[in-house]
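This is final03.pdb. It holds PDB, C-alpha atoms.
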ATOM      1  CA  GLN A 668     -13.296 -40.328 -42.609
ATOM      2  CA  CYS A 669     -16.786 -41.060 -41.291
ATOM      3  CA  ASN A 670     -19.820 -40.657 -43.540
ATOM      4  CA  GLY A 671     -23.473 -40.449 -42.521
ATOM      5  CA  ARG A 672     -25.219 -39.016 -39.484
ATOM      6  CA  ILE A 673     -23.027 -38.543 -36.445
ATOM      7  CA  ARG A 674     -24.085 -37.597 -32.894
ATOM      8  CA  ILE A 675     -21.618 -36.848 -30.087
ATOM      9  CA  ASN A 676     -22.436 -35.772 -26.505
ATOM     10  CA  SER A 677     -20.117 -34.888 -23.627
ATOM     11  CA  VAL A 678     -20.908 -33.614 -20.123
ATOM     12  CA  GLU A 679     -17.433 -32.813 -18.793
ATOM     13  CA  GLY A 680     -14.525 -31.946 -21.076
ATOM     14  CA  GLY A 681     -13.746 -30.549 -24.494
ATOM     15  CA  VAL A 682     -14.649 -32.251 -27.774
ATOM     16  CA  THR A 683     -12.618 -32.293 -31.023
ATOM     17  CA  ILE A 684     -14.067 -33.606 -34.302
ATOM     18  CA  GLU A 685     -12.055 -34.145 -37.482
ATOM     19  CA  HIS A 686     -12.744 -35.676 -40.911
ATOM     20  CA  ALA A 687     -16.521 -36.205 -40.915
ATOM     21  CA  ALA A 688     -19.028 -35.954 -43.756
ATOM     22  CA  GLY A 689     -22.825 -35.805 -43.587
ATOM     23  CA  ASP A 690     -25.014 -34.499 -40.740
ATOM     24  CA  VAL A 691     -22.868 -33.861 -37.662
ATOM     25  CA  HIS A 692     -24.408 -33.103 -34.260
ATOM     26  CA  ALA A 693     -22.005 -32.433 -31.364
ATOM     27  CA  GLU A 694     -22.741 -31.063 -27.901
ATOM     28  CA  THR A 695     -20.762 -30.506 -24.704
ATOM     29  CA  VAL A 696     -21.803 -28.969 -21.384
ATOM     30  CA  ASN A 697     -18.537 -27.814 -19.850
ATOM     31  CA  GLY A 698     -15.679 -27.492 -22.315
ATOM     32  CA  ALA A 699     -14.567 -26.197 -25.693
ATOM     33  CA  LEU A 700     -15.856 -27.675 -28.957
ATOM     34  CA  SER A 701     -13.550 -27.752 -31.975
ATOM     35  CA  ALA A 702     -14.437 -29.103 -35.440
ATOM     36  CA  SER A 703     -12.393 -29.202 -38.624
ATOM     37  CA  GLN A 704     -12.555 -30.779 -42.082
ATOM     38  CA  LEU A 705     -16.303 -31.358 -41.963
ATOM     39  CA  GLN A 706     -18.476 -31.730 -45.063
ATOM     40  CA  GLY A 707     -22.254 -31.347 -45.199
ATOM     41  CA  ARG A 708     -24.261 -29.859 -42.320
ATOM     42  CA  ALA A 709     -23.241 -29.242 -38.699
ATOM     43  CA  ASP A 710     -25.161 -28.621 -35.462
ATOM     44  CA  LEU A 711     -22.708 -27.624 -32.705
ATOM     45  CA  LYS A 712     -23.522 -26.611 -29.105
ATOM     46  CA  THR A 713     -21.558 -25.844 -25.965
ATOM     47  CA  VAL A 714     -22.770 -24.374 -22.678
ATOM     48  CA  ASN A 715     -19.532 -23.084 -21.191
ATOM     49  CA  GLY A 716     -16.694 -22.920 -23.677
ATOM     50  CA  ARG A 717     -15.378 -21.705 -26.996
ATOM     51  CA  LEU A 718     -16.765 -23.080 -30.273
ATOM     52  CA  THR A 719     -14.410 -23.236 -33.272
ATOM     53  CA  LEU A 720     -15.028 -24.460 -36.834
ATOM     54  CA  GLU A 721     -12.399 -24.403 -39.586
ATOM     55  CA  GLU A 722     -11.261 -25.985 -42.875
ATOM     56  CA  SER A 723     -14.756 -27.272 -43.659
ATOM     57  CA  GLU A 724     -17.229 -27.341 -46.570
ATOM     58  CA  LEU A 725     -20.784 -26.790 -45.368
ATOM     59  CA  SER A 726     -24.285 -26.350 -46.732
ATOM     60  CA  GLY A 727     -25.610 -25.359 -43.306
ATOM     61  CA  LEU A 728     -24.485 -24.551 -39.760
ATOM     62  CA  SER A 729     -26.209 -24.121 -36.410
ATOM     63  CA  ALA A 730     -23.773 -23.003 -33.682
ATOM     64  CA  GLN A 731     -24.794 -22.163 -30.104
ATOM     65  CA  THR A 732     -22.905 -21.263 -26.944
ATOM     66  CA  VAL A 733     -24.078 -19.805 -23.643
ATOM     67  CA  ASN A 734     -20.827 -18.398 -22.308
ATOM     68  CA  GLY A 735     -18.133 -18.368 -24.954
ATOM     69  CA  LYS A 736     -17.080 -17.187 -28.390
ATOM     70  CA  ILE A 737     -17.959 -18.658 -31.790
ATOM     71  CA  LYS A 738     -15.417 -18.632 -34.615
ATOM     72  CA  ALA A 739     -16.338 -20.193 -37.963
ATOM     73  CA  SER A 740     -14.345 -20.396 -41.186
ATOM     74  CA  ALA A 741     -15.490 -22.613 -44.055
ATOM     75  CA  THR A 742     -16.344 -22.904 -47.718
ATOM     76  CA  TRP A 743     -20.081 -22.257 -47.754
ATOM     77  CA  ALA A 744     -22.707 -23.416 -50.244
ATOM     78  CA  ALA A 745     -24.278 -20.552 -52.209
ATOM     79  CA  ASP A 746     -27.599 -21.051 -50.384
ATOM     80  CA  ALA A 747     -26.161 -21.970 -46.986
ATOM     81  CA  GLN A 748     -28.289 -21.446 -43.876
ATOM     82  CA  ILE A 749     -26.058 -20.201 -41.027
ATOM     83  CA  ALA A 750     -27.657 -19.727 -37.571
ATOM     84  CA  LEU A 751     -25.458 -18.410 -34.737
ATOM     85  CA  GLN A 752     -26.498 -17.876 -31.122
ATOM     86  CA  THR A 753     -24.710 -16.758 -27.969
ATOM     87  CA  VAL A 754     -25.857 -15.506 -24.578
ATOM     88  CA  ASN A 755     -22.687 -13.713 -23.555
ATOM     89  CA  GLY A 756     -20.105 -13.921 -26.322
ATOM     90  CA  ASP A 757     -18.972 -12.646 -29.697
ATOM     91  CA  CYS A 758     -19.080 -14.387 -33.072
ATOM     92  CA  ASP A 759     -16.546 -14.175 -35.906
ATOM     93  CA  ILE A 760     -17.317 -15.742 -39.292
ATOM     94  CA  GLU A 761     -15.161 -15.772 -42.438
ATOM     95  CA  VAL A 762     -16.612 -15.928 -45.951
ATOM     96  CA  PRO A 763     -15.174 -15.403 -49.467
ATOM     97  CA  ALA A 764     -15.370 -11.965 -51.068
ATOM     98  CA  ASP A 765     -17.979 -13.123 -53.600
ATOM     99  CA  PHE A 766     -20.257 -14.742 -50.995
ATOM    100  CA  ARG A 767     -23.802 -13.304 -51.098
ATOM    101  CA  ALA A 768     -25.888 -13.426 -47.942
ATOM    102  CA  ALA A 769     -28.757 -11.719 -46.168
ATOM    103  CA  VAL A 770     -27.670 -10.912 -42.601
ATOM    104  CA  SER A 771     -29.824 -10.324 -39.525
ATOM    105  CA  ALA A 772     -28.840  -9.741 -35.901
ATOM    106  CA  HIS A 773     -31.005  -9.428 -32.786
ATOM    107  CA  GLY A 774     -30.096  -8.855 -29.142
ATOM    108  CA  ILE A 775     -30.165  -6.586 -26.122
ATOM    109  CA  ASN A 776     -26.612  -5.308 -26.608
ATOM    110  CA  VAL A 777     -25.616  -6.310 -30.127
ATOM    111  CA  SER A 778     -23.186  -4.813 -32.622
ATOM    112  CA  VAL A 779     -22.494  -5.858 -36.209
ATOM    113  CA  LYS A 780     -19.478  -5.322 -38.428
ATOM    114  CA  CYS A 781     -19.528  -6.468 -42.052
ATOM    115  CA  GLY A 782     -16.422  -6.329 -44.163
ATOM    116  CA  GLN A 783     -13.719  -3.773 -43.603
ATOM    117  CA  ALA A 784     -15.711  -0.535 -43.804
ATOM    118  CA  GLU A 785     -19.303  -0.929 -42.662
ATOM    119  CA  THR A 786     -20.008  -0.903 -38.932
ATOM    120  CA  VAL A 787     -23.531  -0.863 -37.489
ATOM    121  CA  LYS A 788     -24.537  -0.751 -33.842
ATOM    122  CA  ARG A 789     -28.006  -0.952 -32.281
ATOM    123  CA  GLN A 790     -29.342  -1.019 -28.739
ATOM    124  CA  PHE A 791     -32.514  -2.881 -27.777
ATOM    125  CA  GLY A 792     -33.219  -4.049 -31.274
ATOM    126  CA  GLY A 793     -31.697  -5.632 -34.303
ATOM    127  CA  TRP A 794     -30.055  -5.068 -37.626
ATOM    128  CA  GLN A 795     -30.619  -6.366 -41.141
ATOM    129  CA  GLY A 796     -28.453  -6.016 -44.205
ATOM    130  CA  SER A 797     -26.624  -7.931 -46.915
ATOM    131  CA  ILE A 798     -23.094  -8.734 -48.010
ATOM    132  CA  GLY A 799     -21.568  -9.735 -51.329
ATOM    133  CA  PRO A 800     -22.188  -8.682 -54.938
ATOM    134  CA  ASP A 801     -25.720  -7.727 -55.973
ATOM    135  CA  LEU A 802     -26.441 -10.184 -58.789
ATOM    136  CA  GLU A 803     -29.846 -11.076 -60.182
ATOM    137  CA  ASN A 804     -31.057 -14.681 -60.342
ATOM    138  CA  GLU A 805     -28.279 -15.853 -58.055
ATOM    139  CA  SER A 806     -28.633 -17.927 -54.883
ATOM    140  CA  GLU A 807     -28.328 -16.099 -51.586
ATOM    141  CA  ALA A 808     -27.287 -17.522 -48.245
ATOM    142  CA  LYS A 809     -28.712 -16.456 -44.878
ATOM    143  CA  ILE A 810     -26.775 -15.555 -41.749
ATOM    144  CA  SER A 811     -28.679 -14.964 -38.494
ATOM    145  CA  PHE A 812     -27.178 -13.985 -35.138
ATOM    146  CA  ASN A 813     -29.076 -13.917 -31.832
ATOM    147  CA  THR A 814     -27.489 -12.809 -28.579
ATOM    148  CA  VAL A 815     -28.119 -11.117 -25.253
ATOM    149  CA  ASN A 816     -24.718  -9.453 -25.108
ATOM    150  CA  GLY A 817     -22.348  -9.917 -28.028
ATOM    151  CA  SER A 818     -21.091  -8.765 -31.403
ATOM    152  CA  LEU A 819     -21.069 -10.283 -34.892
ATOM    153  CA  ARG A 820     -18.086  -9.727 -37.184
ATOM    154  CA  ILE A 821     -18.192 -10.951 -40.787
ATOM    155  CA  ASP A 822     -14.829 -10.998 -42.565
ATOM    156  CA  ASN A 823     -15.368 -11.200 -46.336
ATOM    157  CA  SER A 824     -11.816 -10.267 -47.329
ATOM    158  CA  ARG A 825     -10.867 -13.813 -48.368
ATOM    159  CA  PRO A 826     -10.307 -14.429 -52.114
ATOM    160  CA  PRO A 827     -13.354 -15.725 -54.050
ATOM    161  CA  ALA A 828     -13.990 -19.394 -53.425
ATOM    162  CA  GLY A 829     -14.233 -20.309 -57.117
ATOM    163  CA  ALA A 830     -15.996 -23.526 -58.000
ATOM    164  CA  THR A 831     -18.016 -25.020 -55.191
ATOM    165  CA  SER A 832     -16.967 -28.519 -54.211
ATOM    166  CA  GLY A 833     -19.108 -31.370 -55.480
ATOM    167  CA  PHE A 834     -20.092 -32.476 -52.000
ATOM    168  CA  VAL A 835     -21.457 -29.114 -50.903
ATOM    169  CA  ALA A 836     -23.243 -28.546 -54.201
ATOM    170  CA  LYS A 837     -25.102 -31.828 -53.822
ATOM    171  CA  ALA A 838     -25.757 -31.576 -50.083
ATOM    172  CA  GLU A 839     -29.419 -31.329 -49.187
ATOM    173  CA  PRO A 840     -31.097 -30.396 -45.888
ATOM    174  CA  SER A 841     -32.067 -33.393 -43.787
ATOM    175  CA  GLU A 842     -35.787 -34.138 -43.833
ATOM    176  CA  LYS A 843     -35.624 -35.500 -40.297
ATOM    177  CA  THR A 844     -35.333 -33.407 -37.170
ATOM    178  CA  GLY A 845     -33.181 -35.867 -35.240
ATOM    179  CA  PHE A 846     -29.896 -37.561 -35.837
ATOM    180  CA  SER A 847     -29.070 -41.240 -35.912
ATOM    181  CA  GLU A 848     -26.215 -42.534 -33.865
ATOM    182  CA  GLU A 849     -25.322 -45.094 -36.492
ATOM    183  CA  GLY A 850     -22.256 -44.825 -38.718
ATOM    184  CA  PRO A 851     -18.651 -46.011 -39.053
ATOM    185  CA  GLU A 852     -16.362 -45.350 -36.126
ATOM    186  CA  ALA A 853     -13.557 -43.885 -38.221
ATOM    187  CA  VAL A 854     -14.461 -40.364 -37.138
ATOM    188  CA  GLN A 855     -11.782 -38.892 -34.906
ATOM    189  CA  VAL A 856     -13.316 -37.696 -31.656
ATOM    190  CA  LYS A 857     -11.306 -36.591 -28.670
ATOM    191  CA  VAL A 858     -12.911 -35.846 -25.307
ATOM    192  CA  ALA A 859     -10.735 -34.226 -22.681
ATOM    193  CA  GLU A 860     -11.731 -34.729 -19.069
ATOM    194  CA  GLU A 861     -11.802 -31.713 -16.822
ATOM    195  CA  PRO A 862     -12.041 -31.505 -13.019
ATOM    196  CA  LYS A 863     -15.492 -30.936 -11.617
ATOM    197  CA  LEU A 864     -16.336 -27.599 -10.068
ATOM    198  CA  GLN A 865     -15.809 -27.260  -6.327
ATOM    199  CA  ALA A 866     -18.727 -26.450  -4.082
ATOM    200  CA  SER A 867     -17.572 -22.843  -3.803
ATOM    201  CA  GLN A 868     -17.692 -22.510  -7.604
ATOM    202  CA  GLU A 869     -21.204 -23.832  -8.088
ATOM    203  CA  THR A 870     -23.789 -21.530  -9.629
ATOM    204  CA  PRO A 871     -25.922 -19.879  -6.926
ATOM    205  CA  PRO A 872     -29.603 -20.836  -6.837
ATOM    206  CA  ALA A 873     -31.910 -18.912  -9.142
ATOM    207  CA  GLU A 874     -33.733 -15.945  -7.716
ATOM    208  CA  THR A 875     -37.453 -15.755  -8.095
ATOM    209  CA  ALA A 876     -37.611 -11.982  -8.375
ATOM    210  CA  THR A 877     -38.304 -10.484 -11.794
ATOM    211  CA  PRO A 878     -34.963  -9.347 -13.318
ATOM    212  CA  LYS A 879     -34.432  -5.635 -13.747
ATOM    213  CA  THR A 880     -30.863  -5.468 -15.052
ATOM    214  CA  GLN A 881     -28.983  -6.957 -17.983
ATOM    215  CA  ILE A 882     -26.764  -8.939 -15.601
ATOM    216  CA  GLU A 883     -29.799 -10.613 -14.036
ATOM    217  CA  LEU A 884     -31.134 -11.435 -17.505
ATOM    218  CA  LEU A 885     -27.804 -12.977 -18.526
ATOM    219  CA  GLN A 886     -27.815 -15.109 -15.404
ATOM    220  CA  MET A 887     -31.358 -16.317 -16.121
ATOM    221  CA  VAL A 888     -30.441 -17.377 -19.675
ATOM    222  CA  GLU A 889     -27.249 -19.095 -18.500
ATOM    223  CA  ARG A 890     -29.279 -21.094 -15.942
ATOM    224  CA  GLY A 891     -31.740 -22.125 -18.635
ATOM    225  CA  GLU A 892     -34.630 -20.229 -17.012
ATOM    226  CA  SER A 893     -35.190 -18.069 -20.089
ATOM    227  CA  THR A 894     -34.451 -18.115 -23.813
ATOM    228  CA  VAL A 895     -32.525 -15.370 -25.581
ATOM    229  CA  GLN A 896     -35.725 -14.123 -27.223
ATOM    230  CA  GLU A 897     -37.592 -14.016 -23.892
ATOM    231  CA  ALA A 898     -34.736 -12.066 -22.301
ATOM    232  CA  ILE A 899     -34.849  -9.524 -25.128
ATOM    233  CA  GLU A 900     -38.610  -9.092 -24.723
ATOM    234  CA  MET A 901     -38.307  -8.633 -20.926
ATOM    235  CA  MET A 902     -35.626  -5.991 -21.375
ATOM    236  CA  GLN A 903     -37.688  -4.143 -23.970
ATOM    237  CA  GLY A 904     -40.788  -4.386 -21.756
TER     238      GLY A 904
END
Re-express the file's structure as structure tokens.
Amino acid sequence: QCNGRIRINSVEGGVTIEHAAGDVHAETVNGALSASQLQGRADLKTVNGRLTLEESELSGLSAQTVNGKIKASATWAADAQIALQTVNGDCDIEVPADFRAAVSAHGINVSVKCGQAETVKRQFGGWQGSIGPDLENESEAKISFNTVNGSLRIDNSRPPAGATSGFVAKAEPSEKTGFSEEGPEAVQVKVAEEPKLQASQETPPAETATPKTQIELLQMVERGESTVQEAIEMMQG
């Protein structure tokens, strides 16, 4: 197991991370990103691929993907900060039944489903709500979801988590914005190489015309010409 601040970058190929504790930052451009048995905080990004997190104990998570799905299952700290973002993809997150959190979702085409009964859908806007028992003087986590075209599903049917692990209870947000590359090399990281795209598969050059459809907006965000928030504002305008 590797402890400390860990940073991993890959341009071509999938990335798998196992048994790491501390602040973990992992990013890949073209490939899936899979993480398991993490402890602490995690910042995970992929441009074109699926992002999966499981069997972890976290005090905070930032997960982003441009074209792919996010699936996260972990034991969360009571005041965890969970930020999820996709351009064109859904997000599934699992939490215990007694997990309290304020939930917000924003996007052009966004739908939200919390638990087994409540389903909310909005167009050109957002949604705010809460999950878990309503208890006074108790910590509350935050879950935010931003997308251009996607849905958020929160499954809180798992049994209560019980006592929070010592590591998560003591974990504190990092005071620094960056991550150090130092740390033991015991962390298990696997990078799978993938063939490069052929010329016929390359992304066509960006158009200069102002987008008028949702498809054009999605393409702009995927090319990095616009942020998710800017795309939402252009669609609403």
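Taking atom CA of A:Val678 and atom CA of A:Val895 as the two end points, the separation is 22.3 Å.
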### Query
Which residues fall under the PyMOL selection byres ((chain A and resi 827) around 9) in this file, as a VMD selection string?
chain A and resid 762 to 766 824 to 826 828 to 829
### Query
Taking the file as shown, what set of residues would the PyMOL selection byres ((chain A and resi 817) around 6) give back, as a VMD selection string?
chain A and resid 755 to 757 777 814 816 818
### Message
Please determine, counting all atoms listed in the file, which residue among A:Thr695, A:Ser729, A:Ser778, A:Ser723 has the shortest atom-to-atom distance to A:Ala709.
### Response
A:Ser729
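Reported to one decimal place, the separation of atom CA of A:Val770 from atom CA of A:Glu805 is 16.2 Å.
Between A:Leu884 and the residues A:Ile673, A:Ala768, A:Ala745, A:Val754, the shortest atom-to-atom distance, using all atoms listed in the file, involves A:Val754.
Close contacts of A:Ala769, defined as residues with an atom at most 9 Å away when counting all atoms listed in the file, with chain neighbours fewer than 4 positions off set aside, comprise Gln795, Gly796, Ser797, Ile798, Glu807, Ala808, Lys809, Ile810 and Ser811 of chain A.
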